[in-house]
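K.L.:
Before I ask anything, here is the structure I am working with.
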Amino acid sequence: MTTLSKAFDSKTFKETGMELINFLADTFENADKREVIPYKTPEEQYLYWKKDFTISGNPEDLFKDVVNRSILYHHPHYMGHQTAVPALTSVLSSLVIDFMSNGMGVYEVGMVGNTMERVVCEHLCDKFGLGEDAGGFITSGGTLGTLTAILTAKAHYIHKHECDAKDIASLTVITSEQSHYCIERAAKTMGISSERIIKIPVDEDFRMRTDLLEEAYDMAEKSGKKVFCIVASAPSTSTGTHDDLIKTGKFCQEKDIWFHADGAHGAPAVFSEKYKYLVDGIGLADSVVMDFHKMMLTPGISTAVLLKHRHYAFETFRQEAEYLWNKNDFEWHHGGKSTFECTKSMSILKVYSLFKQFGDKVFEEFVDYQYDLTKEFAKLINCNHNFETAHNPDSNILCFRYTDCENPDSFNVRLREQIMIEGKFYIVQTSLNGKTYLRVTLLNPRTTIYHLERLLKELETTAKKLKLQKA
Ligand SMILES: Cc1ncc(COP(=O)(O)O)c(C=O)c1O
């Protein structure tokens, strides 16, 4: 057998595959028996893999090694960043996606994927009430989705107002000071400088002050700026606070400005009867971004970009490419005609498979559980005089801190680092109004109030140890 033919040997594929599935299922079942994060410093990790790279070995051992040396999202003590804990069907979808490896730029090589994108996006547009002309497609991540949406807003404005070079150089975006950094990154990538990215202050709940929109807009226009897009967060990243989409949407309608709703994290609240009020007004948006790999239980990365007028994206990316398409007009089934990417993964299968197996219900139960649990956790914290919360949670993100110490800002940094290094819990941190807070995102269906009680206890025990070390 040649080396190349070994790489395509189906017997090995079957054997390794069966063993791998068994190993992953065992890892899942026994998740809480290992550390959530087997923390190693970057240098230790580098030396390990540098050596590993030189030793030939079988894939079974390699895959096990990867899992055993990585953070485990399925562990109930994983409550850090907003990356989904993947549902198991969705994990299997990833295998099919990579085995088929169908691209999406051209219909023939992405027949199923392009069609599934259309079906799922139409379902989502219906849910959000985006209207008859709405539709969307998938991009690789919320950052790229945001760039795609804001580029579309810009192209549409330039076309509609027949802008000259001077107008284009004046284009301005308004967003809140709590919006995700990808808004600013997208604007800067498009050549919009910092002074034309206006950040509206937030109120005490970290919600964009929509009462300041009129003044910010007037000042911008008076100084020759042309506001073409306003971005509201649904919700913001640090605190998970939902901006008022109704007020923002109506303001945009009144001024004829593109309204982009960044629902990367929280747009799935739409599936919940109890919490869908949080995204009231999302139907007014010209574009919505929604990550499947945050609150839709899928592995990374897959993001829906939904547009009130689907064909605007085609106008934005209209290009000749004779080697791909004959006609230079809008055809939904050629993914590459409306998106930034050319070769793209059929990542839609990850969420399509969940819709097909469980319907909307699985997302409703998920949102209800996590949002309820976060409120319960906030109550628990507020009953403990050693801690304080930074805000009342709107969603499943909560910032809080340990207060029984001299300098809570530096102490909470050390505290978080210590419990991470010990591999006990994975939580993150953020800064709000210049103060450091611990931050959790509750998106693990296996995390219960019992684990959160243990987290507070662990933080208190570790805090005592750190204080003793200092004394
Ligand atoms: C509100 C919000 N928008 C956009 C993004 C960017 O998404 P992605 O990480 O998929 O690029 C994030 C990521 O955390 C986010 O929280």
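Ligands are numbered from 1 in the order shown, chains are lettered A, B, ... in the order of the structure tokens, and residues start at 1 in each chain.
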Counting only C-alpha atoms and all ligand atoms, which residues in chain A sit no more than 10 Å from ligand 1? For each one, give the nearest pair of atoms and the distance in Å, sorted by chain then residue number, as a Markdown table.

P.N.:
```
| residue | atom | partner | partner_atom_place_in_ligand_line | distance |
| --- | --- | --- | --- | --- |
| A:His81 | CA | ligand 1 | 14 (O) | 7.5 |
| A:Gln82 | CA | ligand 1 | 14 (O) | 6.1 |
| A:Thr83 | CA | ligand 1 | 14 (O) | 7.9 |
| A:Thr139 | CA | ligand 1 | 10 (O) | 9.3 |
| A:Ser140 | CA | ligand 1 | 10 (O) | 7.4 |
| A:Gly141 | CA | ligand 1 | 10 (O) | 3.7 |
| A:Gly142 | CA | ligand 1 | 7 (O) | 3.5 |
| A:Thr143 | CA | ligand 1 | 11 (O) | 3.6 |
| A:Leu144 | CA | ligand 1 | 11 (O) | 6.4 |
| A:Gly145 | CA | ligand 1 | 11 (O) | 7.7 |
| A:Thr146 | CA | ligand 1 | 4 (C) | 7.1 |
| A:Leu147 | CA | ligand 1 | 11 (O) | 10.0 |
| A:Gln178 | CA | ligand 1 | 1 (C) | 9.2 |
| A:Ser179 | CA | ligand 1 | 1 (C) | 6.5 |
| A:His180 | CA | ligand 1 | 2 (C) | 5.0 |
| A:Tyr181 | CA | ligand 1 | 4 (C) | 7.6 |
| A:Cys182 | CA | ligand 1 | 4 (C) | 6.0 |
| A:Ile183 | CA | ligand 1 | 4 (C) | 7.7 |
| A:Ala232 | CA | ligand 1 | 1 (C) | 9.3 |
| A:Ser233 | CA | ligand 1 | 1 (C) | 6.1 |
| A:Ala234 | CA | ligand 1 | 1 (C) | 6.8 |
| A:Pro235 | CA | ligand 1 | 1 (C) | 5.9 |
| A:Ser236 | CA | ligand 1 | 1 (C) | 4.9 |
| A:Thr237 | CA | ligand 1 | 16 (O) | 4.2 |
| A:Ser238 | CA | ligand 1 | 16 (O) | 7.7 |
| A:Thr239 | CA | ligand 1 | 16 (O) | 9.7 |
| A:Gly240 | CA | ligand 1 | 1 (C) | 8.0 |
| A:Thr241 | CA | ligand 1 | 1 (C) | 9.6 |
| A:His242 | CA | ligand 1 | 1 (C) | 9.7 |
| A:Ala261 | CA | ligand 1 | 1 (C) | 9.5 |
| A:Asp262 | CA | ligand 1 | 3 (N) | 5.7 |
| A:Gly263 | CA | ligand 1 | 1 (C) | 6.4 |
| A:Ala264 | CA | ligand 1 | 3 (N) | 4.8 |
| A:His265 | CA | ligand 1 | 1 (C) | 5.4 |
| A:Gly266 | CA | ligand 1 | 1 (C) | 7.8 |
| A:Ala267 | CA | ligand 1 | 1 (C) | 9.8 |
| A:Val289 | CA | ligand 1 | 3 (N) | 7.9 |
| A:Met290 | CA | ligand 1 | 3 (N) | 8.3 |
| A:Asp291 | CA | ligand 1 | 10 (O) | 6.0 |
| A:Phe292 | CA | ligand 1 | 10 (O) | 8.5 |
| A:His293 | CA | ligand 1 | 10 (O) | 7.2 |
| A:Lys294 | CA | ligand 1 | 10 (O) | 7.7 |
| A:Gly300 | CA | ligand 1 | 10 (O) | 8.0 |
| A:Ile301 | CA | ligand 1 | 10 (O) | 6.7 |
| A:Ser302 | CA | ligand 1 | 10 (O) | 7.4 |
| A:Thr303 | CA | ligand 1 | 10 (O) | 6.9 |
```

K.L.:
Please save N, CA and C atoms of the selected residues as a short mmCIF file (atom, residue, chain, number, x, y, z; two decimals), in the first residue's frame.

P.N.:
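Result written to out08.cif:
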```cif
data_model
loop_
_atom_site.label_atom_id
_atom_site.label_comp_id
_atom_site.auth_asym_id
_atom_site.auth_seq_id
_atom_site.Cartn_x
_atom_site.Cartn_y
_atom_site.Cartn_z
N HIS A 81 -17.09 31.98 27.64
CA HIS A 81 -17.48 32.79 26.47
C HIS A 81 -18.78 32.27 25.88
N GLN A 82 -19.21 32.98 24.82
CA GLN A 82 -20.54 32.69 24.29
C GLN A 82 -20.54 31.61 23.21
N THR A 83 -19.57 30.71 23.28
CA THR A 83 -19.52 29.67 22.25
C THR A 83 -20.36 28.48 22.68
N THR A 139 -22.83 33.00 6.68
CA THR A 139 -21.42 33.37 6.57
C THR A 139 -20.65 32.63 7.67
N SER A 140 -19.34 32.66 7.56
CA SER A 140 -18.51 31.99 8.57
C SER A 140 -18.25 32.95 9.73
N GLY A 141 -19.22 33.08 10.61
CA GLY A 141 -19.05 33.87 11.82
C GLY A 141 -19.76 35.21 11.81
N GLY A 142 -19.99 35.69 13.04
CA GLY A 142 -20.72 36.96 13.22
C GLY A 142 -19.92 38.16 12.77
N THR A 143 -18.59 38.08 12.90
CA THR A 143 -17.77 39.21 12.50
C THR A 143 -17.87 39.41 10.98
N LEU A 144 -17.78 38.31 10.25
CA LEU A 144 -17.91 38.40 8.80
C LEU A 144 -19.35 38.76 8.40
N GLY A 145 -20.31 38.23 9.17
CA GLY A 145 -21.71 38.55 8.90
C GLY A 145 -21.98 40.03 9.08
N THR A 146 -21.37 40.62 10.11
CA THR A 146 -21.55 42.05 10.37
C THR A 146 -20.93 42.87 9.24
N LEU A 147 -19.74 42.48 8.83
CA LEU A 147 -19.10 43.19 7.71
C LEU A 147 -19.99 43.09 6.46
N GLN A 178 -21.43 50.02 23.96
CA GLN A 178 -21.34 48.64 24.44
C GLN A 178 -21.45 47.62 23.31
N SER A 179 -21.49 48.07 22.05
CA SER A 179 -21.68 47.08 20.98
C SER A 179 -20.39 46.27 20.80
N HIS A 180 -20.51 45.12 20.15
CA HIS A 180 -19.34 44.25 19.97
C HIS A 180 -18.31 44.94 19.09
N TYR A 181 -17.03 44.61 19.33
CA TYR A 181 -15.97 45.31 18.59
C TYR A 181 -16.02 45.06 17.09
N CYS A 182 -16.75 44.03 16.67
CA CYS A 182 -16.79 43.74 15.22
C CYS A 182 -17.51 44.84 14.43
N ILE A 183 -18.31 45.65 15.11
CA ILE A 183 -18.99 46.75 14.40
C ILE A 183 -17.93 47.77 13.98
N ALA A 232 -27.92 48.38 16.50
CA ALA A 232 -28.35 48.12 17.88
C ALA A 232 -27.99 46.68 18.24
N SER A 233 -27.73 46.44 19.52
CA SER A 233 -27.31 45.10 19.96
C SER A 233 -28.49 44.32 20.53
N ALA A 234 -28.56 43.06 20.15
CA ALA A 234 -29.63 42.20 20.66
C ALA A 234 -29.05 40.86 21.11
N PRO A 235 -28.33 40.81 22.21
CA PRO A 235 -27.95 41.90 23.10
C PRO A 235 -26.46 42.23 22.92
N SER A 236 -25.97 43.13 23.79
CA SER A 236 -24.56 43.49 23.78
C SER A 236 -23.74 42.34 24.39
N THR A 237 -22.43 42.37 24.17
CA THR A 237 -21.60 41.23 24.55
C THR A 237 -21.28 41.20 26.05
N SER A 238 -20.80 42.31 26.58
CA SER A 238 -20.32 42.28 27.97
C SER A 238 -21.40 41.90 28.97
N THR A 239 -22.57 42.54 28.86
CA THR A 239 -23.61 42.33 29.88
C THR A 239 -24.86 41.62 29.35
N GLY A 240 -24.90 41.36 28.04
CA GLY A 240 -26.08 40.69 27.48
C GLY A 240 -27.34 41.55 27.56
N THR A 241 -27.15 42.88 27.47
CA THR A 241 -28.29 43.78 27.57
C THR A 241 -28.87 44.07 26.18
N HIS A 242 -30.19 43.95 26.08
CA HIS A 242 -30.85 44.19 24.79
C HIS A 242 -31.15 45.67 24.60
N ALA A 261 -29.59 45.08 13.15
CA ALA A 261 -29.73 44.49 14.50
C ALA A 261 -28.69 43.40 14.66
N ASP A 262 -27.78 43.60 15.60
CA ASP A 262 -26.76 42.59 15.88
C ASP A 262 -27.33 41.58 16.87
N GLY A 263 -27.95 40.55 16.30
CA GLY A 263 -28.55 39.51 17.13
C GLY A 263 -27.66 38.28 17.20
N ALA A 264 -26.34 38.48 17.02
CA ALA A 264 -25.40 37.35 16.99
C ALA A 264 -25.63 36.44 18.20
N HIS A 265 -25.78 37.06 19.35
CA HIS A 265 -25.99 36.25 20.56
C HIS A 265 -27.48 35.95 20.81
N GLY A 266 -28.29 37.01 20.86
CA GLY A 266 -29.61 36.84 21.47
C GLY A 266 -30.81 36.78 20.55
N ALA A 267 -30.61 36.80 19.22
CA ALA A 267 -31.78 36.74 18.34
C ALA A 267 -32.61 35.47 18.57
N VAL A 289 -28.04 39.91 12.07
CA VAL A 289 -27.03 38.85 12.11
C VAL A 289 -27.34 37.96 13.30
N MET A 290 -27.28 36.65 13.08
CA MET A 290 -27.59 35.70 14.16
C MET A 290 -26.62 34.51 14.07
N ASP A 291 -25.83 34.31 15.12
CA ASP A 291 -24.88 33.20 15.14
C ASP A 291 -25.58 31.92 15.56
N PHE A 292 -25.32 30.85 14.83
CA PHE A 292 -25.83 29.54 15.27
C PHE A 292 -24.91 28.95 16.34
N HIS A 293 -23.64 29.36 16.30
CA HIS A 293 -22.65 28.77 17.23
C HIS A 293 -22.59 29.50 18.56
N LYS A 294 -23.59 30.31 18.84
CA LYS A 294 -23.68 30.89 20.19
C LYS A 294 -24.89 30.27 20.90
N GLY A 300 -18.97 25.70 16.05
CA GLY A 300 -18.60 26.84 15.22
C GLY A 300 -18.18 26.40 13.84
N ILE A 301 -18.21 27.30 12.85
CA ILE A 301 -18.85 28.59 12.98
C ILE A 301 -19.86 28.75 11.85
N SER A 302 -20.99 29.36 12.19
CA SER A 302 -22.07 29.45 11.23
C SER A 302 -23.02 30.59 11.64
N THR A 303 -23.23 31.51 10.73
CA THR A 303 -23.98 32.73 11.06
C THR A 303 -24.97 33.08 9.96
#
```

K.L.:
Can you tell me, as a PyMOL selection string, what residues are no more than 9 Å from Ile138 (chain A) when counting only C-alpha atoms, ignoring any on the same chain fewer than 5 positions away?

P.N.:
chain A and resi 117+121+145+302-306+335+339+346-348

K.L.:
Looking at only C-alpha atoms, which of A:His334, A:Thr374, A:Lys250, A:Ser93 is the one that sits closest to Asn444 (chain A)?

P.N.:
A:Thr374

K.L.:
Give me, please, the distance in Å between CA of Leu354 (chain A) and CA of Met111 (chain A), quoted to one decimal.

P.N.:
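CA of Met111 (chain A) lies at a distance of 19.8 Å from CA of Leu354 (chain A).
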
K.L.:
Mind listing the helix (DSSP H, G or I) residues of region 174-399 of chain A, per DSSP on the backbone, as an MDAnalysis selection string?

P.N.:
chainID A and resid 181:189 194:196 210:222 245:255 267:271 276:279 282:284 292:295 311:317 335:337 348:358 361:382

K.L.:
Could you pull out the strand (DSSP E) residues of region 25-210 of chain A, going by DSSP on the backbone, and write them as JSON, numbers by chain?

P.N.:
{"A": [135, 136, 137, 138, 139, 171, 172, 173, 174, 175, 176, 197, 198, 199, 200]}

K.L.:
Write a file of the just-selected residues containing C-alpha atoms, as a compact mmCIF listing (two decimals), in the first residue's frame.

P.N.:
```txt
# COMPACT_ATOMS: atom_id res chain seq x y z
CA GLY A 135 -34.13 36.28 2.82
CA GLY A 136 -30.59 35.51 3.75
CA PHE A 137 -27.57 33.29 3.63
CA ILE A 138 -24.86 31.94 5.90
CA THR A 139 -21.42 33.37 6.57
CA LEU A 171 -20.25 58.06 5.54
CA THR A 172 -20.89 57.54 9.25
CA VAL A 173 -22.15 54.72 11.45
CA ILE A 174 -23.89 55.10 14.81
CA THR A 175 -23.80 52.36 17.43
CA SER A 176 -23.63 52.07 21.21
CA ILE A 197 -18.05 55.75 14.13
CA ILE A 198 -20.28 57.47 16.68
CA LYS A 199 -20.77 55.63 19.95
CA ILE A 200 -23.91 56.46 21.91
```

K.L.:
For region 53-60 of chain A, please output as a list in words all residues within 8 Å (counting only C-alpha atoms; exclusion window: fewer than 4 positions along the same chain).

P.N.:
Thr16, Glu19, Leu20, Trp49 and Lys64 of chain A

K.L.:
For the selection you just gave me, I'd like the residues written to a file as an mmCIF file, in the first residue's frame, keeping N, CA and C atoms.

P.N.:
```cif
data_model
loop_
_atom_site.group_PDB
_atom_site.id
_atom_site.type_symbol
_atom_site.label_atom_id
_atom_site.label_comp_id
_atom_site.auth_asym_id
_atom_site.auth_seq_id
_atom_site.Cartn_x
_atom_site.Cartn_y
_atom_site.Cartn_z
ATOM 1 N N THR A 16 -11.267 3.585 12.950
ATOM 2 C CA THR A 16 -10.931 4.791 13.725
ATOM 3 C C THR A 16 -12.197 5.547 14.078
ATOM 4 N N GLU A 19 -14.144 3.921 16.933
ATOM 5 C CA GLU A 19 -13.446 4.123 18.197
ATOM 6 C C GLU A 19 -13.582 5.581 18.655
ATOM 7 N N LEU A 20 -13.496 6.476 17.675
ATOM 8 C CA LEU A 20 -13.587 7.910 18.012
ATOM 9 C C LEU A 20 -14.969 8.265 18.578
ATOM 10 N N TRP A 49 3.367 20.308 21.568
ATOM 11 C CA TRP A 49 2.916 20.014 20.200
ATOM 12 C C TRP A 49 4.069 20.055 19.203
ATOM 13 N N LYS A 64 -7.524 11.690 20.770
ATOM 14 C CA LYS A 64 -7.725 11.614 22.232
ATOM 15 C C LYS A 64 -6.881 12.670 22.942
#
```

K.L.:
Smallest atom-to-atom distance to Phe23 (chain A): which of A:Leu4, A:Asp286, A:Val67, A:Ala155, using only C-alpha atoms?

P.N.:
A:Val67

K.L.:
Which of these, A:Val428, A:Val362, A:Val106, A:Leu466, has the shortest distance to Glu331 (chain A) once you count only C-alpha atoms?

P.N.:
A:Val106
